[in-house]
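With compact mmCIF, C-alpha atoms inside, this is model.txt:
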```txt
# COMPACT_ATOMS: atom_id res chain seq x y z
CA MET A 1 124.71 123.79 112.71
CA THR A 2 124.10 122.80 116.36
CA PRO A 3 122.85 119.30 117.25
CA THR A 4 119.49 120.76 118.31
CA ALA A 5 119.07 122.60 115.03
CA ALA A 6 120.00 119.44 113.12
CA ARG A 7 117.05 117.65 114.73
CA ALA A 8 114.52 120.41 114.09
CA LEU A 9 111.70 119.03 111.96
CA ARG A 10 109.20 121.01 109.98
CA VAL A 11 105.58 119.90 110.05
CA SER A 12 105.94 117.90 106.82
CA ASP A 13 109.07 116.16 108.17
CA LEU A 14 107.27 115.22 111.39
CA ALA A 15 104.25 113.99 109.44
CA THR A 16 106.45 111.86 107.18
CA ALA A 17 108.39 110.44 110.14
CA VAL A 18 105.17 109.18 111.72
CA GLY A 19 103.17 108.39 108.60
CA VAL A 20 100.43 111.01 108.85
CA ARG A 21 99.44 114.04 106.82
CA PRO A 22 100.71 117.49 107.81
CA ASP A 23 97.09 118.55 108.41
CA THR A 24 96.86 115.82 111.06
CA VAL A 25 99.85 117.27 112.89
CA ARG A 26 98.27 120.73 112.80
CA TYR A 27 94.95 119.33 113.99
CA TYR A 28 96.58 117.57 116.97
CA GLU A 29 98.24 120.86 117.82
CA ARG A 30 94.91 122.73 117.62
CA VAL A 31 93.13 120.25 119.91
CA GLY A 32 95.99 120.28 122.42
CA LEU A 33 97.48 116.82 121.89
CA LEU A 34 100.72 118.34 120.65
CA PRO A 35 102.07 121.39 122.48
CA PRO A 36 102.60 124.52 120.40
CA PRO A 37 105.91 124.09 118.57
CA ASN A 38 108.77 126.50 118.33
CA ARG A 39 108.70 128.74 115.27
CA THR A 40 111.43 129.83 112.92
CA PRO A 41 111.91 133.55 112.26
CA GLY A 42 109.87 132.94 109.11
CA GLY A 43 106.99 131.49 111.16
CA TYR A 44 107.46 127.83 110.26
CA ARG A 45 106.71 125.26 112.95
CA THR A 46 109.71 123.25 114.15
CA TYR A 47 109.50 120.02 116.12
CA ASP A 48 112.03 117.81 117.86
CA GLU A 49 112.28 114.07 118.50
CA VAL A 50 110.00 114.44 121.55
CA ALA A 51 107.21 115.44 119.16
CA VAL A 52 107.92 112.34 117.04
CA ASP A 53 107.60 110.13 120.12
CA ARG A 54 104.42 111.92 121.24
CA LEU A 55 102.82 111.62 117.82
CA ARG A 56 103.68 107.91 117.65
CA PHE A 57 102.06 107.47 121.08
CA ILE A 58 98.92 109.25 119.84
CA ARG A 59 98.72 107.14 116.68
CA GLY A 60 99.28 103.91 118.62
CA ALA A 61 96.50 104.80 121.05
CA GLN A 62 94.20 105.60 118.14
CA ARG A 63 94.94 102.22 116.52
CA LEU A 64 93.62 100.68 119.75
CA GLY A 65 90.43 102.67 119.31
CA LEU A 66 90.97 105.13 122.13
CA ARG A 67 89.15 108.44 121.78
CA LEU A 68 91.10 111.69 121.60
CA VAL A 69 89.80 112.72 125.03
CA ASP A 70 91.21 109.48 126.47
CA ILE A 71 94.51 110.02 124.68
CA ARG A 72 94.67 113.57 126.04
CA HIS A 73 94.20 112.17 129.56
CA LEU A 74 96.99 109.60 129.08
CA LEU A 75 99.29 112.27 127.69
CA ALA A 76 98.56 114.53 130.68
CA VAL A 77 99.55 111.70 133.04
CA ARG A 78 102.59 110.90 130.90
CA ASP A 79 103.63 114.57 130.89
CA THR A 80 103.84 114.55 134.71
CA GLY A 81 106.52 111.88 134.46
CA ALA A 82 104.24 109.31 136.07
CA CYS A 83 103.61 105.99 134.42
CA PRO A 84 100.26 106.08 132.59
CA CYS A 85 99.79 102.32 133.05
CA GLU A 86 96.92 102.43 135.56
CA PRO A 87 94.73 104.85 133.61
CA ALA A 88 95.71 103.07 130.39
CA GLU A 89 94.59 99.76 131.86
CA GLN A 90 91.15 101.18 132.66
CA LEU A 91 90.80 102.71 129.19
CA LEU A 92 91.95 99.52 127.49
CA LEU A 93 89.60 97.34 129.55
CA ARG A 94 86.70 99.62 128.60
CA ARG A 95 87.74 99.52 124.95
CA LEU A 96 88.11 95.73 125.11
CA ALA A 97 84.51 95.46 126.40
CA GLU A 98 83.38 97.67 123.49
CA VAL A 99 85.25 95.45 121.00
CA ASP A 100 83.72 92.31 122.53
CA ALA A 101 80.23 93.83 122.24
CA GLU A 102 80.88 94.74 118.60
CA ILE A 103 82.16 91.22 117.86
CA ALA A 104 78.97 89.78 119.41
CA ARG A 105 76.84 92.15 117.33
CA LEU A 106 78.71 91.26 114.14
CA THR A 107 78.51 87.54 114.90
CA ALA A 108 74.72 87.81 115.29
CA LEU A 109 74.53 89.82 112.07
CA ARG A 110 76.61 87.22 110.25
CA THR A 111 74.36 84.41 111.51
CA GLU A 112 71.26 86.28 110.33
CA MET A 113 72.80 87.03 106.92
CA ALA A 114 73.93 83.41 106.46
CA ALA A 115 70.42 82.18 107.31
CA MET A 116 68.90 84.61 104.82
CA ALA A 117 71.35 83.57 102.11
CA ALA A 118 70.68 79.87 102.80
CA ALA A 119 66.91 80.48 102.59
CA LEU A 120 67.12 81.99 99.11
CA PRO A 121 65.92 79.59 96.45
CA ALA A 122 68.29 78.29 93.83
CA THR A 123 65.72 79.10 91.15
CA GLU A 124 63.75 82.24 90.40
CA CYS A 125 61.02 82.94 92.93
CA ALA A 126 57.84 85.01 92.80
CA SER A 127 57.67 88.68 93.79
CA PRO A 128 58.43 89.01 97.50
CA SER A 129 56.22 90.63 100.11
CA PRO A 130 57.27 94.10 101.22
CA GLY A 131 60.01 93.94 103.83
CA SER A 132 61.01 90.32 103.15
CA TRP A 133 63.12 88.34 100.70
CA CYS A 134 60.43 85.85 99.78
CA PRO A 135 56.67 85.87 99.35
CA PRO A 136 54.57 84.50 102.21
CA THR A 137 53.43 80.90 101.97
CA GLU A 138 49.77 79.94 102.26
CA GLY A 139 50.04 79.94 106.05
CA GLY A 140 51.51 83.48 106.11
CA ASP A 141 55.02 82.13 106.75
CA LEU A 142 57.80 84.19 105.14
CA THR A 143 60.03 81.20 104.45
CA CYS A 144 61.02 80.82 100.82
CA SER A 145 59.11 78.01 99.24
CA CYS A 146 59.72 78.75 95.60
```
Using structure tokens, write down the structure from this file.
Amino acid sequence: MTPTAARALRVSDLATAVGVRPDTVRYYERVGLLPPPNRTPGGYRTYDEVAVDRLRFIRGAQRLGLRLVDIRHLLAVRDTGACPCEPAEQLLLRRLAEVDAEIARLTALRTEMAAMAAALPATECASPSPGSWCPPTEGGDLTCSC
């Protein structure tokens, strides 16, 4: 067996090497993230170590929250032999801003939930008004006063 043949991986081998399902490998091929592989005479896909590296790159970019279109762009730059650092920096800065916005949204949500939980009475309260946790007080206030 030649060294090249020894490194030929079937789709399940490639998937196992990277920790994805074989369907994921096929999907990445369909959407153009992985180039069409060589085929055996029996029609089986065969991949080499370059495909393992490429798939690891794709999965790493996905863990950072990059969209497939962004990953495709980075791969196109990478395939030219040029360093994808500049476009990657722009994509990562955009993604970082999105993460910061989501953290701010979740922090506000947490604050609101904590206030609602703190406002719940320790004892049983009367039936609440629609759309609130507690019934309105005499002044129309929705603060729990049970």
How far is it from atom CA of Asp79 of chain A to atom CA of Thr40 of chain A, in Å with one decimal?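 Separation between atom CA of Asp79 of chain A and atom CA of Thr40 of chain A: 24.8 Å.
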Between A:Leu64, A:Thr107, A:Ala82, A:Glu112, smallest distance to Arg95 of chain A by all atoms listed in the file belongs to A:Leu64
Please return as a PyMOL selection string every residue within 12 Å of (92.6, 111.9, 123.0), taking into account only C-alpha atoms and the file's own coordinates. chain A and resi 27-29+31-34+54-55+57-76+88+91
Hey, can you spit out that residue selection with C-alpha atoms as a compact mmCIF listing (two decimals), in the frame of the given file?
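Output (part.txt):
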```
# COMPACT_ATOMS: atom_id res chain seq x y z
CA TYR A 27 94.95 119.33 113.99
CA TYR A 28 96.58 117.57 116.97
CA GLU A 29 98.24 120.86 117.82
CA VAL A 31 93.13 120.25 119.91
CA GLY A 32 95.99 120.28 122.42
CA LEU A 33 97.48 116.82 121.89
CA LEU A 34 100.72 118.34 120.65
CA ARG A 54 104.42 111.92 121.24
CA LEU A 55 102.82 111.62 117.82
CA PHE A 57 102.06 107.47 121.08
CA ILE A 58 98.92 109.25 119.84
CA ARG A 59 98.72 107.14 116.68
CA GLY A 60 99.28 103.91 118.62
CA ALA A 61 96.50 104.80 121.05
CA GLN A 62 94.20 105.60 118.14
CA ARG A 63 94.94 102.22 116.52
CA LEU A 64 93.62 100.68 119.75
CA GLY A 65 90.43 102.67 119.31
CA LEU A 66 90.97 105.13 122.13
CA ARG A 67 89.15 108.44 121.78
CA LEU A 68 91.10 111.69 121.60
CA VAL A 69 89.80 112.72 125.03
CA ASP A 70 91.21 109.48 126.47
CA ILE A 71 94.51 110.02 124.68
CA ARG A 72 94.67 113.57 126.04
CA HIS A 73 94.20 112.17 129.56
CA LEU A 74 96.99 109.60 129.08
CA LEU A 75 99.29 112.27 127.69
CA ALA A 76 98.56 114.53 130.68
CA ALA A 88 95.71 103.07 130.39
CA LEU A 91 90.80 102.71 129.19
```
Excluding Ala51 of chain A and any residue of its chain fewer than 2 positions from it, enumerate the residues within 9 Å of it, using only C-alpha atoms, and give them as an MDAnalysis selection string. chainID A and resid 14 34:35 37 47:49 53:56
Write the residues of the selection above to a file with C-alpha atoms, as a tab-separated table (two decimals), in the frame of the given file.
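Everything below was put into again.tsv:
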```tsv
chain	number	residue	atom	x	y	z
A	14	LEU	CA	107.27	115.22	111.39
A	34	LEU	CA	100.72	118.34	120.65
A	35	PRO	CA	102.07	121.39	122.48
A	37	PRO	CA	105.91	124.09	118.57
A	47	TYR	CA	109.50	120.02	116.12
A	48	ASP	CA	112.03	117.81	117.86
A	49	GLU	CA	112.28	114.07	118.50
A	53	ASP	CA	107.60	110.13	120.12
A	54	ARG	CA	104.42	111.92	121.24
A	55	LEU	CA	102.82	111.62	117.82
A	56	ARG	CA	103.68	107.91	117.65
```
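From atom CA of Leu92 of chain A back to atom CA of Val77 of chain A, the distance works out to 15.4 Å.
The coordinates place atom CA of Val18 of chain A at 6.8 Å from atom CA of Val52 of chain A.
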So which one's closest to Ala15 of chain A, A:Pro84, A:Glu102, A:Thr46, A:Gln90? Using all atoms listed in the file, please. A:Thr46
